[in-house]
>>> print(open('work00.pdb').read())   # PDB, C-alpha atoms (C1' of nucleotides)
ATOM      1  CA  MET X1426      -8.896  -8.386 -15.884
ATOM      2  CA  ALA X1427      -5.537  -8.048 -17.505
ATOM      3  CA  VAL X1428      -3.104 -10.713 -18.586
ATOM      4  CA  LEU X1429       0.350 -10.363 -17.073
ATOM      5  CA  ASP X1430       3.550 -12.208 -17.790
ATOM      6  CA  SER X1431       6.047 -13.176 -15.136
ATOM      7  CA  VAL X1432       8.103 -10.005 -15.658
ATOM      8  CA  ASP X1433       5.076  -7.835 -14.910
ATOM      9  CA  ARG X1434       4.347  -9.889 -11.843
ATOM     10  CA  THR X1435       7.891  -9.540 -10.571
ATOM     11  CA  LEU X1436       7.723  -5.768 -11.000
ATOM     12  CA  LEU X1437       4.436  -5.645  -9.124
ATOM     13  CA  ARG X1438       5.819  -7.787  -6.329
ATOM     14  CA  LEU X1439       8.822  -5.517  -5.920
ATOM     15  CA  LEU X1440       6.781  -2.327  -5.961
ATOM     16  CA  GLN X1441       4.320  -3.734  -3.470
ATOM     17  CA  ASN X1442       7.201  -4.037  -1.036
ATOM     18  CA  ASP X1443       9.005  -0.821  -1.874
ATOM     19  CA  ALA X1444       7.501   1.790  -4.142
ATOM     20  CA  THR X1445      10.647   3.916  -4.006
ATOM     21  CA  MET X1446      12.801   1.377  -5.802
ATOM     22  CA  PRO X1447      14.548   3.256  -8.618
ATOM     23  CA  LEU X1448      13.769   2.369 -12.196
ATOM     24  CA  ALA X1449      17.310   1.168 -12.851
ATOM     25  CA  GLU X1450      17.082  -1.380 -10.032
ATOM     26  CA  LEU X1451      13.704  -2.621 -11.151
ATOM     27  CA  ALA X1452      15.020  -3.012 -14.682
ATOM     28  CA  ASP X1453      18.005  -4.899 -13.354
ATOM     29  CA  ALA X1454      15.861  -7.266 -11.346
ATOM     30  CA  VAL X1455      13.960  -8.372 -14.450
ATOM     31  CA  ASN X1456      16.953  -8.294 -16.811
ATOM     32  CA  LEU X1457      15.783  -5.366 -18.880
ATOM     33  CA  THR X1458      17.113  -1.912 -19.537
ATOM     34  CA  THR X1459      15.290   1.079 -18.210
ATOM     35  CA  THR X1460      13.230   1.932 -21.292
ATOM     36  CA  PRO X1461      11.283  -1.313 -21.749
ATOM     37  CA  CYS X1462      10.895  -1.597 -17.993
ATOM     38  CA  TRP X1463       9.562   1.937 -17.821
ATOM     39  CA  LYS X1464       7.068   1.158 -20.581
ATOM     40  CA  ARG X1465       5.772  -1.795 -18.617
ATOM     41  CA  LEU X1466       5.275   0.329 -15.525
ATOM     42  CA  LYS X1467       3.427   2.961 -17.537
ATOM     43  CA  ARG X1468       1.185   0.294 -19.021
ATOM     44  CA  LEU X1469       0.453  -1.166 -15.604
ATOM     45  CA  GLU X1470      -0.478   2.314 -14.367
ATOM     46  CA  GLU X1471      -2.661   3.079 -17.364
ATOM     47  CA  ASP X1472      -4.421  -0.252 -17.007
ATOM     48  CA  GLY X1473      -5.170   0.708 -13.425
ATOM     49  CA  ILE X1474      -3.410  -2.343 -12.030
ATOM     50  CA  LEU X1475      -0.933  -0.114 -10.265
ATOM     51  CA  ARG X1476      -3.476   2.040  -8.455
ATOM     52  CA  GLN X1477      -1.423   4.267  -6.216
ATOM     53  CA  ARG X1478       1.688   4.610  -4.151
ATOM     54  CA  VAL X1479       1.116   5.333  -0.491
ATOM     55  CA  ALA X1480       3.083   5.755   2.709
ATOM     56  CA  LEU X1481       2.421   3.260   5.494
ATOM     57  CA  LEU X1482       2.709   4.514   9.045
ATOM     58  CA  ASP X1483       3.386   2.724  12.296
ATOM     59  CA  PRO X1484       0.151   2.548  14.327
ATOM     60  CA  VAL X1485       2.028   1.763  17.550
ATOM     61  CA  LYS X1486       4.284   4.817  17.302
ATOM     62  CA  LEU X1487       1.226   6.941  16.522
ATOM     63  CA  GLY X1488      -0.739   5.543  19.432
ATOM     64  CA  ILE X1489      -3.511   4.141  17.237
ATOM     65  CA  ALA X1490      -2.811   0.477  17.753
ATOM     66  CA  PHE X1491      -6.199  -0.686  18.988
ATOM     67  CA  THR X1492      -8.075  -2.711  16.373
ATOM     68  CA  ALA X1493     -11.735  -3.636  16.625
ATOM     69  CA  PHE X1494     -14.092  -5.453  14.323
ATOM     70  CA  VAL X1495     -17.728  -4.431  14.300
ATOM     71  CA  GLN X1496     -20.358  -6.704  12.863
ATOM     72  CA  VAL X1497     -23.803  -5.387  12.088
ATOM     73  CA  LYS X1498     -27.230  -6.787  11.345
ATOM     74  CA  THR X1499     -30.008  -4.635   9.997
ATOM     75  CA  SER X1500     -33.747  -4.983   9.638
ATOM     76  CA  ASN X1501     -33.886  -2.392   6.883
ATOM     77  CA  HIS X1502     -32.853  -3.568   3.432
ATOM     78  CA  SER X1503     -33.998  -0.576   1.403
ATOM     79  CA  GLN X1504     -31.721   1.227  -1.007
ATOM     80  CA  ASP X1505     -32.080   4.492   0.880
ATOM     81  CA  TRP X1506     -31.039   2.976   4.154
ATOM     82  CA  PHE X1507     -28.090   1.284   2.469
ATOM     83  CA  ASN X1508     -26.886   4.532   0.893
ATOM     84  CA  HIS X1509     -27.102   6.396   4.145
ATOM     85  CA  PHE X1510     -25.422   3.628   6.078
ATOM     86  CA  VAL X1511     -22.551   3.281   3.610
ATOM     87  CA  SER X1512     -21.857   6.993   3.375
ATOM     88  CA  THR X1513     -22.004   7.378   7.157
ATOM     89  CA  VAL X1514     -19.625   4.535   7.862
ATOM     90  CA  THR X1515     -17.284   5.423   5.010
ATOM     91  CA  GLU X1516     -16.811   8.922   6.349
ATOM     92  CA  PHE X1517     -15.420   7.690   9.660
ATOM     93  CA  PRO X1518     -11.648   7.986   9.282
ATOM     94  CA  GLU X1519     -11.254   5.307  11.948
ATOM     95  CA  VAL X1520     -12.965   2.776   9.682
ATOM     96  CA  MET X1521     -10.176   1.192   7.685
ATOM     97  CA  GLU X1522     -12.202  -1.562   6.011
ATOM     98  CA  PHE X1523     -15.874  -2.130   5.457
ATOM     99  CA  TYR X1524     -17.638  -5.011   3.748
ATOM    100  CA  ARG X1525     -21.119  -6.222   2.972
ATOM    101  CA  MET X1526     -21.049  -9.810   4.117
ATOM    102  CA  ALA X1527     -22.683 -13.113   3.420
ATOM    103  CA  GLY X1528     -23.947 -15.093   6.382
ATOM    104  CA  GLU X1529     -25.003 -14.311   9.897
ATOM    105  CA  TYR X1530     -24.076 -10.615   9.880
ATOM    106  CA  ASP X1531     -24.871  -8.190   7.071
ATOM    107  CA  TYR X1532     -21.835  -5.904   7.414
ATOM    108  CA  MET X1533     -18.414  -5.918   8.975
ATOM    109  CA  MET X1534     -15.931  -3.127   9.508
ATOM    110  CA  LYS X1535     -12.419  -2.883  10.860
ATOM    111  CA  VAL X1536     -11.858   0.085  13.143
ATOM    112  CA  GLN X1537      -8.467   1.498  14.114
ATOM    113  CA  VAL X1538      -8.342   3.744  17.180
ATOM    114  CA  ALA X1539      -6.204   4.744  20.156
ATOM    115  CA  ASP X1540      -7.869   2.626  22.822
ATOM    116  CA  MET X1541     -11.092   1.111  24.085
ATOM    117  CA  GLN X1542     -12.445   4.488  25.087
ATOM    118  CA  ALA X1543     -11.847   5.956  21.642
ATOM    119  CA  PHE X1544     -13.575   2.918  20.226
ATOM    120  CA  ASP X1545     -16.569   3.438  22.461
ATOM    121  CA  ASN X1546     -16.867   7.043  21.310
ATOM    122  CA  MET X1547     -16.815   5.958  17.713
ATOM    123  CA  TYR X1548     -19.313   3.201  18.456
ATOM    124  CA  LYS X1549     -21.743   5.594  20.091
ATOM    125  CA  LYS X1550     -21.483   8.017  17.182
ATOM    126  CA  LEU X1551     -22.157   5.159  14.792
ATOM    127  CA  VAL X1552     -25.272   3.798  16.451
ATOM    128  CA  ALA X1553     -26.555   7.347  16.921
ATOM    129  CA  SER X1554     -26.237   8.134  13.208
ATOM    130  CA  VAL X1555     -27.791   4.979  11.810
ATOM    131  CA  SER X1556     -31.203   3.526  12.518
ATOM    132  CA  ASP X1557     -32.546  -0.018  12.204
ATOM    133  CA  LEU X1558     -29.434  -1.751  13.494
ATOM    134  CA  THR X1559     -30.914  -4.876  15.052
ATOM    135  CA  ASN X1560     -27.629  -6.331  16.207
ATOM    136  CA  VAL X1561     -24.171  -4.834  16.609
ATOM    137  CA  THR X1562     -21.363  -6.928  17.996
ATOM    138  CA  SER X1563     -17.724  -5.980  18.440
ATOM    139  CA  THR X1564     -14.637  -8.121  18.765
ATOM    140  CA  PHE X1565     -11.162  -6.911  19.619
ATOM    141  CA  ALA X1566      -7.694  -7.739  18.412
ATOM    142  CA  MET X1567      -5.287  -8.571  21.245
ATOM    143  CA  GLU X1568      -2.220  -8.839  19.042
ATOM    144  CA  PRO X1569      -1.626  -8.174  15.365
ATOM    145  CA  LEU X1570       0.267 -11.106  13.863
ATOM    146  CA  LYS X1571       0.365 -10.094  10.218
ATOM    147  CA  TYR X1572      -0.601  -7.090   8.169
ATOM    148  CA  THR X1573       0.309  -6.706   4.543
ATOM    149  CA  THR X1574      -0.971  -4.666   1.624
ATOM    150  CA  ALA X1575       0.836  -6.882  -0.884
ATOM    151  CA  LEU X1576      -1.574  -8.962  -2.936
ATOM    152  CA  PRO X1577      -0.346 -12.434  -3.904
ATOM    153  CA  VAL X1578       0.551 -11.910  -7.571
TER     154      VAL X1578
ATOM    155  CA  MET B1026       5.082   6.993  20.856
ATOM    156  CA  ALA B1027       6.161  10.234  19.278
ATOM    157  CA  VAL B1028       4.757  13.700  19.679
ATOM    158  CA  LEU B1029       3.758  15.336  16.409
ATOM    159  CA  ASP B1030       2.666  18.850  15.632
ATOM    160  CA  SER B1031       0.000  19.684  13.101
ATOM    161  CA  VAL B1032       2.553  20.219  10.327
ATOM    162  CA  ASP B1033       3.874  16.687  10.785
ATOM    163  CA  ARG B1034       0.353  15.355  10.769
ATOM    164  CA  THR B1035      -0.480  17.174   7.550
ATOM    165  CA  LEU B1036       2.607  15.753   5.880
ATOM    166  CA  LEU B1037       1.694  12.251   7.010
ATOM    167  CA  ARG B1038      -1.862  12.656   5.773
ATOM    168  CA  LEU B1039      -0.670  13.770   2.355
ATOM    169  CA  LEU B1040       1.873  10.976   2.037
ATOM    170  CA  GLN B1041      -0.644   8.383   3.109
ATOM    171  CA  ASN B1042      -2.698   9.348   0.076
ATOM    172  CA  ASP B1043       0.116   9.840  -2.399
ATOM    173  CA  ALA B1044       3.668   8.887  -1.586
ATOM    174  CA  THR B1045       4.943  10.272  -4.883
ATOM    175  CA  MET B1046       4.114  13.861  -4.031
ATOM    176  CA  PRO B1047       7.238  15.906  -4.717
ATOM    177  CA  LEU B1048       9.016  17.595  -1.849
ATOM    178  CA  ALA B1049       8.287  21.063  -3.226
ATOM    179  CA  GLU B1050       4.523  20.428  -3.195
ATOM    180  CA  LEU B1051       4.627  19.007   0.322
ATOM    181  CA  ALA B1052       6.591  22.027   1.501
ATOM    182  CA  ASP B1053       4.082  24.306  -0.173
ATOM    183  CA  ALA B1054       1.141  22.609   1.489
ATOM    184  CA  VAL B1055       2.554  23.283   4.952
ATOM    185  CA  ASN B1056       3.979  26.735   4.172
ATOM    186  CA  LEU B1057       7.595  25.746   4.501
ATOM    187  CA  THR B1058      10.517  25.763   2.147
ATOM    188  CA  THR B1059      11.928  22.473   0.994
ATOM    189  CA  THR B1060      14.786  22.227   3.474
ATOM    190  CA  PRO B1061      12.865  22.290   6.777
ATOM    191  CA  CYS B1062      10.160  20.159   5.206
ATOM    192  CA  TRP B1063      12.735  17.633   4.094
ATOM    193  CA  LYS B1064      14.195  17.543   7.619
ATOM    194  CA  ARG B1065      10.791  16.738   9.036
ATOM    195  CA  LEU B1066      10.331  13.881   6.612
ATOM    196  CA  LYS B1067      13.750  12.485   7.498
ATOM    197  CA  ARG B1068      12.924  12.681  11.173
ATOM    198  CA  LEU B1069       9.603  10.916  10.644
ATOM    199  CA  GLU B1070      11.418   8.172   8.760
ATOM    200  CA  GLU B1071      14.150   7.837  11.361
ATOM    201  CA  ASP B1072      11.578   7.656  14.137
ATOM    202  CA  GLY B1073       9.935   4.798  12.241
ATOM    203  CA  ILE B1074       6.633   6.619  11.985
ATOM    204  CA  LEU B1075       6.920   6.623   8.220
ATOM    205  CA  ARG B1076       7.485   2.902   7.854
ATOM    206  CA  GLN B1077       7.509   2.339   4.109
ATOM    207  CA  ARG B1078       6.165   3.413   0.775
ATOM    208  CA  VAL B1079       4.325   0.762  -1.148
ATOM    209  CA  ALA B1080       2.355   0.342  -4.341
ATOM    210  CA  LEU B1081      -1.295  -0.638  -4.042
ATOM    211  CA  LEU B1082      -2.744  -2.836  -6.763
ATOM    212  CA  ASP B1083      -6.290  -3.335  -7.976
ATOM    213  CA  PRO B1084      -7.539  -6.739  -6.786
ATOM    214  CA  VAL B1085     -10.409  -6.746  -9.305
ATOM    215  CA  LYS B1086      -8.137  -6.195 -12.297
ATOM    216  CA  LEU B1087      -5.822  -8.896 -10.986
ATOM    217  CA  GLY B1088      -8.650 -11.351 -10.465
ATOM    218  CA  ILE B1089      -8.036 -11.667  -6.713
ATOM    219  CA  ALA B1090     -11.170  -9.934  -5.504
ATOM    220  CA  PHE B1091     -12.621 -12.624  -3.269
ATOM    221  CA  THR B1092     -12.251 -11.804   0.417
ATOM    222  CA  ALA B1093     -12.846 -14.284   3.200
ATOM    223  CA  PHE B1094     -12.486 -14.063   6.952
ATOM    224  CA  VAL B1095     -11.465 -17.161   8.830
ATOM    225  CA  GLN B1096     -12.022 -17.439  12.554
ATOM    226  CA  VAL B1097     -10.287 -20.106  14.549
ATOM    227  CA  LYS B1098     -10.598 -21.695  17.964
ATOM    228  CA  THR B1099      -7.904 -23.913  19.360
ATOM    229  CA  SER B1100      -7.672 -26.340  22.241
ATOM    230  CA  ASN B1101      -3.900 -26.037  22.387
ATOM    231  CA  HIS B1102      -2.546 -22.972  24.128
ATOM    232  CA  SER B1103       1.109 -23.976  24.364
ATOM    233  CA  GLN B1104       3.890 -21.716  23.157
ATOM    234  CA  ASP B1105       5.088 -24.334  20.671
ATOM    235  CA  TRP B1106       1.695 -24.671  19.077
ATOM    236  CA  PHE B1107       1.364 -20.895  18.873
ATOM    237  CA  ASN B1108       4.746 -20.485  17.189
ATOM    238  CA  HIS B1109       3.975 -23.141  14.642
ATOM    239  CA  PHE B1110       0.514 -21.785  13.972
ATOM    240  CA  VAL B1111       1.707 -18.198  13.529
ATOM    241  CA  SER B1112       4.575 -19.070  11.233
ATOM    242  CA  THR B1113       2.354 -21.344   9.154
ATOM    243  CA  VAL B1114      -0.399 -18.804   8.706
ATOM    244  CA  THR B1115       1.995 -15.898   8.173
ATOM    245  CA  GLU B1116       3.675 -17.707   5.314
ATOM    246  CA  PHE B1117       0.458 -17.922   3.288
ATOM    247  CA  PRO B1118       0.661 -15.035   0.816
ATOM    248  CA  GLU B1119      -3.135 -15.056   0.584
ATOM    249  CA  VAL B1120      -3.385 -14.101   4.259
ATOM    250  CA  MET B1121      -3.419 -10.308   4.292
ATOM    251  CA  GLU B1122      -4.204  -9.813   7.973
ATOM    252  CA  PHE B1123      -4.012 -12.020  11.008
ATOM    253  CA  TYR B1124      -4.872 -11.255  14.614
ATOM    254  CA  ARG B1125      -5.010 -12.927  17.957
ATOM    255  CA  MET B1126      -8.448 -12.020  19.237
ATOM    256  CA  ALA B1127     -10.313 -11.534  22.446
ATOM    257  CA  GLY B1128     -13.691 -13.226  22.796
ATOM    258  CA  GLU B1129     -15.363 -16.205  21.245
ATOM    259  CA  TYR B1130     -12.667 -17.021  18.671
ATOM    260  CA  ASP B1131      -8.943 -17.102  19.383
ATOM    261  CA  TYR B1132      -7.703 -15.960  15.968
ATOM    262  CA  MET B1133      -8.991 -14.234  12.878
ATOM    263  CA  MET B1134      -7.438 -13.808   9.466
ATOM    264  CA  LYS B1135      -8.412 -12.027   6.295
ATOM    265  CA  VAL B1136      -7.759 -14.037   3.141
ATOM    266  CA  GLN B1137      -7.596 -12.596  -0.371
ATOM    267  CA  VAL B1138      -7.967 -15.049  -3.250
ATOM    268  CA  ALA B1139      -9.363 -15.456  -6.770
ATOM    269  CA  ASP B1140     -12.596 -17.257  -5.920
ATOM    270  CA  MET B1141     -14.333 -19.697  -3.626
ATOM    271  CA  GLN B1142     -12.401 -22.620  -5.055
ATOM    272  CA  ALA B1143      -9.061 -20.927  -4.428
ATOM    273  CA  PHE B1144     -10.253 -20.215  -0.923
ATOM    274  CA  ASP B1145     -11.151 -23.835  -0.381
ATOM    275  CA  ASN B1146      -7.689 -24.924  -1.506
ATOM    276  CA  MET B1147      -6.103 -22.512   0.928
ATOM    277  CA  TYR B1148      -8.475 -23.645   3.669
ATOM    278  CA  LYS B1149      -7.612 -27.298   3.159
ATOM    279  CA  LYS B1150      -3.906 -26.541   3.220
ATOM    280  CA  LEU B1151      -4.377 -24.624   6.434
ATOM    281  CA  VAL B1152      -6.285 -27.269   8.366
ATOM    282  CA  ALA B1153      -3.871 -29.922   7.073
ATOM    283  CA  SER B1154      -0.828 -27.999   8.389
ATOM    284  CA  VAL B1155      -2.131 -27.150  11.839
ATOM    285  CA  SER B1156      -3.439 -29.470  14.523
ATOM    286  CA  ASP B1157      -5.774 -28.840  17.458
ATOM    287  CA  LEU B1158      -8.138 -26.512  15.630
ATOM    288  CA  THR B1159     -11.383 -27.168  17.479
ATOM    289  CA  ASN B1160     -13.476 -24.748  15.464
ATOM    290  CA  VAL B1161     -12.859 -23.015  12.145
ATOM    291  CA  THR B1162     -15.541 -20.824  10.654
ATOM    292  CA  SER B1163     -15.383 -18.743   7.485
ATOM    293  CA  THR B1164     -17.393 -15.747   6.397
ATOM    294  CA  PHE B1165     -17.301 -14.109   3.008
ATOM    295  CA  ALA B1166     -17.380 -10.549   1.762
ATOM    296  CA  MET B1167     -20.030  -9.944  -0.868
ATOM    297  CA  GLU B1168     -18.991  -6.392  -1.615
ATOM    298  CA  PRO B1169     -16.091  -4.244  -0.447
ATOM    299  CA  LEU B1170     -17.394  -0.843   0.643
ATOM    300  CA  LYS B1171     -14.213   0.753   1.940
ATOM    301  CA  TYR B1172     -10.546  -0.093   2.056
ATOM    302  CA  THR B1173      -7.900   2.336   3.143
ATOM    303  CA  THR B1174      -4.351   2.118   4.455
ATOM    304  CA  ALA B1175      -4.472   5.698   5.730
ATOM    305  CA  LEU B1176      -4.479   5.839   9.515
ATOM    306  CA  PRO B1177      -6.484   8.679  11.059
ATOM    307  CA  VAL B1178      -3.709  11.075  12.126
TER     308      VAL B1178
ATOM    309  C1'  DA V 395       8.271  -2.832 -37.622
ATOM    310  C1'  DC V 396       9.218  -3.929 -33.063
ATOM    311  C1'  DT V 397      12.090  -4.266 -29.112
ATOM    312  C1'  DG V 398      15.919  -3.010 -26.479
ATOM    313  C1'  DA V 399      20.261  -0.142 -25.620
ATOM    314  C1'  DA V 400      22.558   4.013 -24.985
ATOM    315  C1'  DA V 401      23.111   8.769 -24.496
ATOM    316  C1'  DA V 402      21.418  13.350 -23.682
ATOM    317  C1'  DC V 403      18.113  16.134 -21.195
ATOM    318  C1'  DA V 404      15.410  17.687 -17.343
ATOM    319  C1'  DG V 405      13.995  17.833 -12.791
ATOM    320  C1'  DG V 406      13.878  16.809  -8.189
ATOM    321  C1'  DC V 407      16.778  15.544  -3.963
ATOM    322  C1'  DC V 408      19.835  16.767  -0.587
ATOM    323  C1'  DT V 409      23.838  19.341   1.417
ATOM    324  C1'  DG V 410      26.589  22.864   2.097
ATOM    325  C1'  DA V 411      27.035  27.986   3.278
TER     326       DA V 411
ATOM    327  C1'  DT H 278      16.741  30.693   2.551
ATOM    328  C1'  DC H 279      19.531  30.010  -1.360
ATOM    329  C1'  DA H 280      22.578  27.917  -4.646
ATOM    330  C1'  DG H 281      25.066  24.137  -6.354
ATOM    331  C1'  DG H 282      26.111  19.193  -7.286
ATOM    332  C1'  DC H 283      24.395  14.856  -7.786
ATOM    333  C1'  DC H 284      21.432  11.358  -8.707
ATOM    334  C1'  DT H 285      17.274   9.560 -10.978
ATOM    335  C1'  DG H 286      13.570   9.685 -14.155
ATOM    336  C1'  DT H 287      12.325  10.599 -18.871
ATOM    337  C1'  DT H 288      12.821  11.228 -23.696
ATOM    338  C1'  DT H 289      14.863  10.566 -28.003
ATOM    339  C1'  DT H 290      17.599   8.426 -31.153
ATOM    340  C1'  DC H 291      19.808   4.503 -32.992
ATOM    341  C1'  DA H 292      20.839  -0.419 -33.774
ATOM    342  C1'  DG H 293      19.608  -5.230 -34.244
ATOM    343  C1'  DT H 294      16.335  -8.718 -34.966
TER     344       DT H 294
END
>>> encode(input="work00.pdb", output="structure tokens")
Amino acid sequence: MAVLDSVDRTLLRLLQNDATMPLAELADAVNLTTTPCWKRLKRLEEDGILRQRVALLDPVKLGIAFTAFVQVKTSNHSQDWFNHFVSTVTEFPEVMEFYRMAGEYDYMMKVQVADMQAFDNMYKKLVASVSDLTNVTSTFAMEPLKYTTALPV
Amino acid sequence: MAVLDSVDRTLLRLLQNDATMPLAELADAVNLTTTPCWKRLKRLEEDGILRQRVALLDPVKLGIAFTAFVQVKTSNHSQDWFNHFVSTVTEFPEVMEFYRMAGEYDYMMKVQVADMQAFDNMYKKLVASVSDLTNVTSTFAMEPLKYTTALPV
DNA sequence: ACTGAAAACAGGCCTGA
DNA sequence: TCAGGCCTGTTTTCAGT
């Protein structure tokens, strides 16, 4: 867990909003010239703090704007079951997020699909591929109010 | 909702994984020369399908690896309350996702913070800023198993 | 010796034909 | 598709602290 000064944090904030920002602009924003700014970016990349730069798409325009959350309880807590479960779920491209949880339910995943029918297909594939699911409950998003990939740095 | 051919979809898939991929490589991957490939990218941007390019950071290395989900019920369903609630929650930088939900709970948000104590601070601020919350329940991620921003195109 | 500035170099982008 | 100009990233060298 690295130690960052306020210049690093400003750079990260800017890049989290727009990864295409040219080096000269970034340097300007933190009152540096390009070379020292570039060295900071390289260091942040090498340290693995800057993981990757990705394109974000519009789910509405792509017709994949239906979001569901699936919560799962299991009766099987063996390592083998866990490995199989994790690799099965992870391979679904519709599964955007997946967590082992504390509390009532053992696992939760966020699923992004076209519509309720597409969700049901995915759901049926899931329960067919994994055994020992004692309880599976789904909730649905009616309206997305915020979605950001920018961590609070 | 745009109509995309398989070349467009391949380009989107590649850019969702690595937005820094040079034009020449993208063109190569879809068996085009740079010019027609570049025109496709421009069109995808203009159509708003390619929304933005962002940097993704490592929450563990930044010490913000604690994920909580907060579910909320309200007794107040007026437009004014909704506006105030949404703007309040949206302004929290720790809130990464926020949905109006169908079912048992009216709203759900995903919160990303340093630790349980940071979560509790955020929680207290939230319930202090918003009235008429009849039920607020939090669940915690023990282990992230998958996180992707890449939509299944 | 370290940090930052400036200038030269290289490479990718974008637009004509 | 190709070729050219332009802009941006990258490297190196130099100066100041």
>>> resolve_selection(input="work00.pdb", expression="the PyMOL selection byres ((chain B and resi 1171) around 9)", output="list in words")
Val1511, Val1514, Thr1515, Val1520, Met1521, Glu1522, Phe1523, Tyr1524 and Met1534 of chain X; Pro1169, Leu1170, Tyr1172 and Thr1173 of chain B
>>> resolve_selection(input="work00.pdb", expression="the PyMOL selection byres ((chain X) within 9 of (chain H))", output="VMD selection string")
chain X and resid 1447 to 1449
>>> write_last_selection(input="work00.pdb", atoms="C-alpha atoms", output="CSV table (one decimal), in the coordinates of the input")
chain,number,residue,atom,x,y,z
X,1447,PRO,CA,14.5,3.3,-8.6
X,1448,LEU,CA,13.8,2.4,-12.2
X,1449,ALA,CA,17.3,1.2,-12.9
>>> resolve_selection(input="work00.pdb", expression="the PyMOL selection byres ((chain B) within 12 of (chain V))", output="PyMOL selection string")
chain B and resi 1045-1050+1059-1064+1067
>>> write_last_selection(input="work00.pdb", atoms="C-alpha atoms", output="mmCIF file, in the coordinates of the input")
data_model
loop_
_atom_site.group_PDB
_atom_site.id
_atom_site.type_symbol
_atom_site.label_atom_id
_atom_site.label_comp_id
_atom_site.auth_asym_id
_atom_site.auth_seq_id
_atom_site.Cartn_x
_atom_site.Cartn_y
_atom_site.Cartn_z
ATOM 1 C CA THR B 1045 4.943 10.272 -4.883
ATOM 2 C CA MET B 1046 4.114 13.861 -4.031
ATOM 3 C CA PRO B 1047 7.238 15.906 -4.717
ATOM 4 C CA LEU B 1048 9.016 17.595 -1.849
ATOM 5 C CA ALA B 1049 8.287 21.063 -3.226
ATOM 6 C CA GLU B 1050 4.523 20.428 -3.195
ATOM 7 C CA THR B 1059 11.928 22.473 0.994
ATOM 8 C CA THR B 1060 14.786 22.227 3.474
ATOM 9 C CA PRO B 1061 12.865 22.290 6.777
ATOM 10 C CA CYS B 1062 10.160 20.159 5.206
ATOM 11 C CA TRP B 1063 12.735 17.633 4.094
ATOM 12 C CA LYS B 1064 14.195 17.543 7.619
ATOM 13 C CA LYS B 1067 13.750 12.485 7.498
#
>>> atom_distance(input="work00.pdb", atom1="atom CA of Leu1429 of chain X", atom2="atom CA of Glu1471 of chain X")
13.8 Å
>>> closest_residue(input="work00.pdb", among="X:Leu1436, X:Leu1481, X:Leu1469, X:Val1536", to="chain B", atoms="only C-alpha atoms")
X:Leu1481
>>> closest_atom_pairs(input="work00.pdb", of="chain B", to="chain X", cutoff="8 Å", atoms="only C-alpha atoms", output="CSV")
residue,atom,partner,partner_atom,distance
B:Met1026,CA,X:Lys1486,CA,4.2
B:Ala1027,CA,X:Lys1486,CA,6.1
B:Leu1037,CA,X:Ala1480,CA,7.9
B:Leu1040,CA,X:Ala1480,CA,5.4
B:Gln1041,CA,X:Ala1480,CA,4.6
B:Asn1042,CA,X:Val1479,CA,5.6
B:Asp1043,CA,X:Val1479,CA,5.0
B:Ala1044,CA,X:Val1479,CA,4.5
B:Thr1045,CA,X:Arg1478,CA,6.6
B:Gly1073,CA,X:Asp1483,CA,6.9
B:Ile1074,CA,X:Asp1483,CA,5.1
B:Leu1075,CA,X:Leu1482,CA,4.8
B:Arg1076,CA,X:Leu1482,CA,5.2
B:Gln1077,CA,X:Leu1481,CA,5.4
B:Arg1078,CA,X:Ala1480,CA,4.3
B:Val1079,CA,X:Ala1444,CA,4.5
B:Ala1080,CA,X:Arg1478,CA,4.3
B:Leu1081,CA,X:Gln1477,CA,5.4
B:Leu1082,CA,X:Leu1475,CA,4.8
B:Asp1083,CA,X:Ile1474,CA,5.1
B:Pro1084,CA,X:Leu1576,CA,7.4
B:Val1085,CA,X:Met1426,CA,6.9
B:Lys1086,CA,X:Met1426,CA,4.3
B:Leu1087,CA,X:Met1426,CA,5.8
B:Gly1088,CA,X:Met1426,CA,6.2
B:Ile1089,CA,X:Leu1576,CA,8.0
B:Val1111,CA,X:Leu1570,CA,7.2
B:Thr1115,CA,X:Lys1571,CA,6.4
B:Pro1118,CA,X:Pro1577,CA,5.5
B:Glu1119,CA,X:Pro1577,CA,5.9
B:Met1121,CA,X:Thr1573,CA,5.2
B:Glu1122,CA,X:Tyr1572,CA,4.5
B:Phe1123,CA,X:Lys1571,CA,4.8
B:Tyr1124,CA,X:Pro1569,CA,4.5
B:Arg1125,CA,X:Glu1568,CA,5.1
B:Met1126,CA,X:Ala1566,CA,4.4
B:Ala1127,CA,X:Phe1565,CA,5.5
B:Gly1128,CA,X:Thr1564,CA,6.6
B:Gln1137,CA,X:Leu1576,CA,7.5
B:Thr1164,CA,X:Gly1528,CA,6.6
B:Phe1165,CA,X:Ala1527,CA,5.5
B:Ala1166,CA,X:Met1526,CA,4.4
B:Met1167,CA,X:Met1526,CA,5.1
B:Glu1168,CA,X:Arg1525,CA,5.1
B:Pro1169,CA,X:Tyr1524,CA,4.5
B:Leu1170,CA,X:Tyr1524,CA,5.2
B:Lys1171,CA,X:Phe1523,CA,4.8
B:Tyr1172,CA,X:Glu1522,CA,4.5
B:Thr1173,CA,X:Met1521,CA,5.2
B:Thr1174,CA,X:Met1521,CA,6.7
B:Ala1175,CA,X:Leu1481,CA,7.3
B:Leu1176,CA,X:Glu1519,CA,7.2
B:Pro1177,CA,X:Pro1518,CA,5.5
B:Val1178,CA,X:Leu1487,CA,7.8
>>> atom_distance(input="work00.pdb", atom1="atom CA of Asp1433 of chain X", atom2="atom CA of Arg1465 of chain X")
7.1 Å
>>> atom_distance(input="work00.pdb", atom1="atom CA of Gln1096 of chain B", atom2="atom CA of Val1152 of chain B")
12.1 Å
>>> axis_aligned_box(input="work00.pdb", around="segment 1539-1550 of chain X", padding_each_side="6 Å", output="JSON")
{"center_x": -14.0, "center_y": 4.6, "center_z": 21.1, "size_x": 27.5, "size_y": 18.9, "size_z": 19.9}
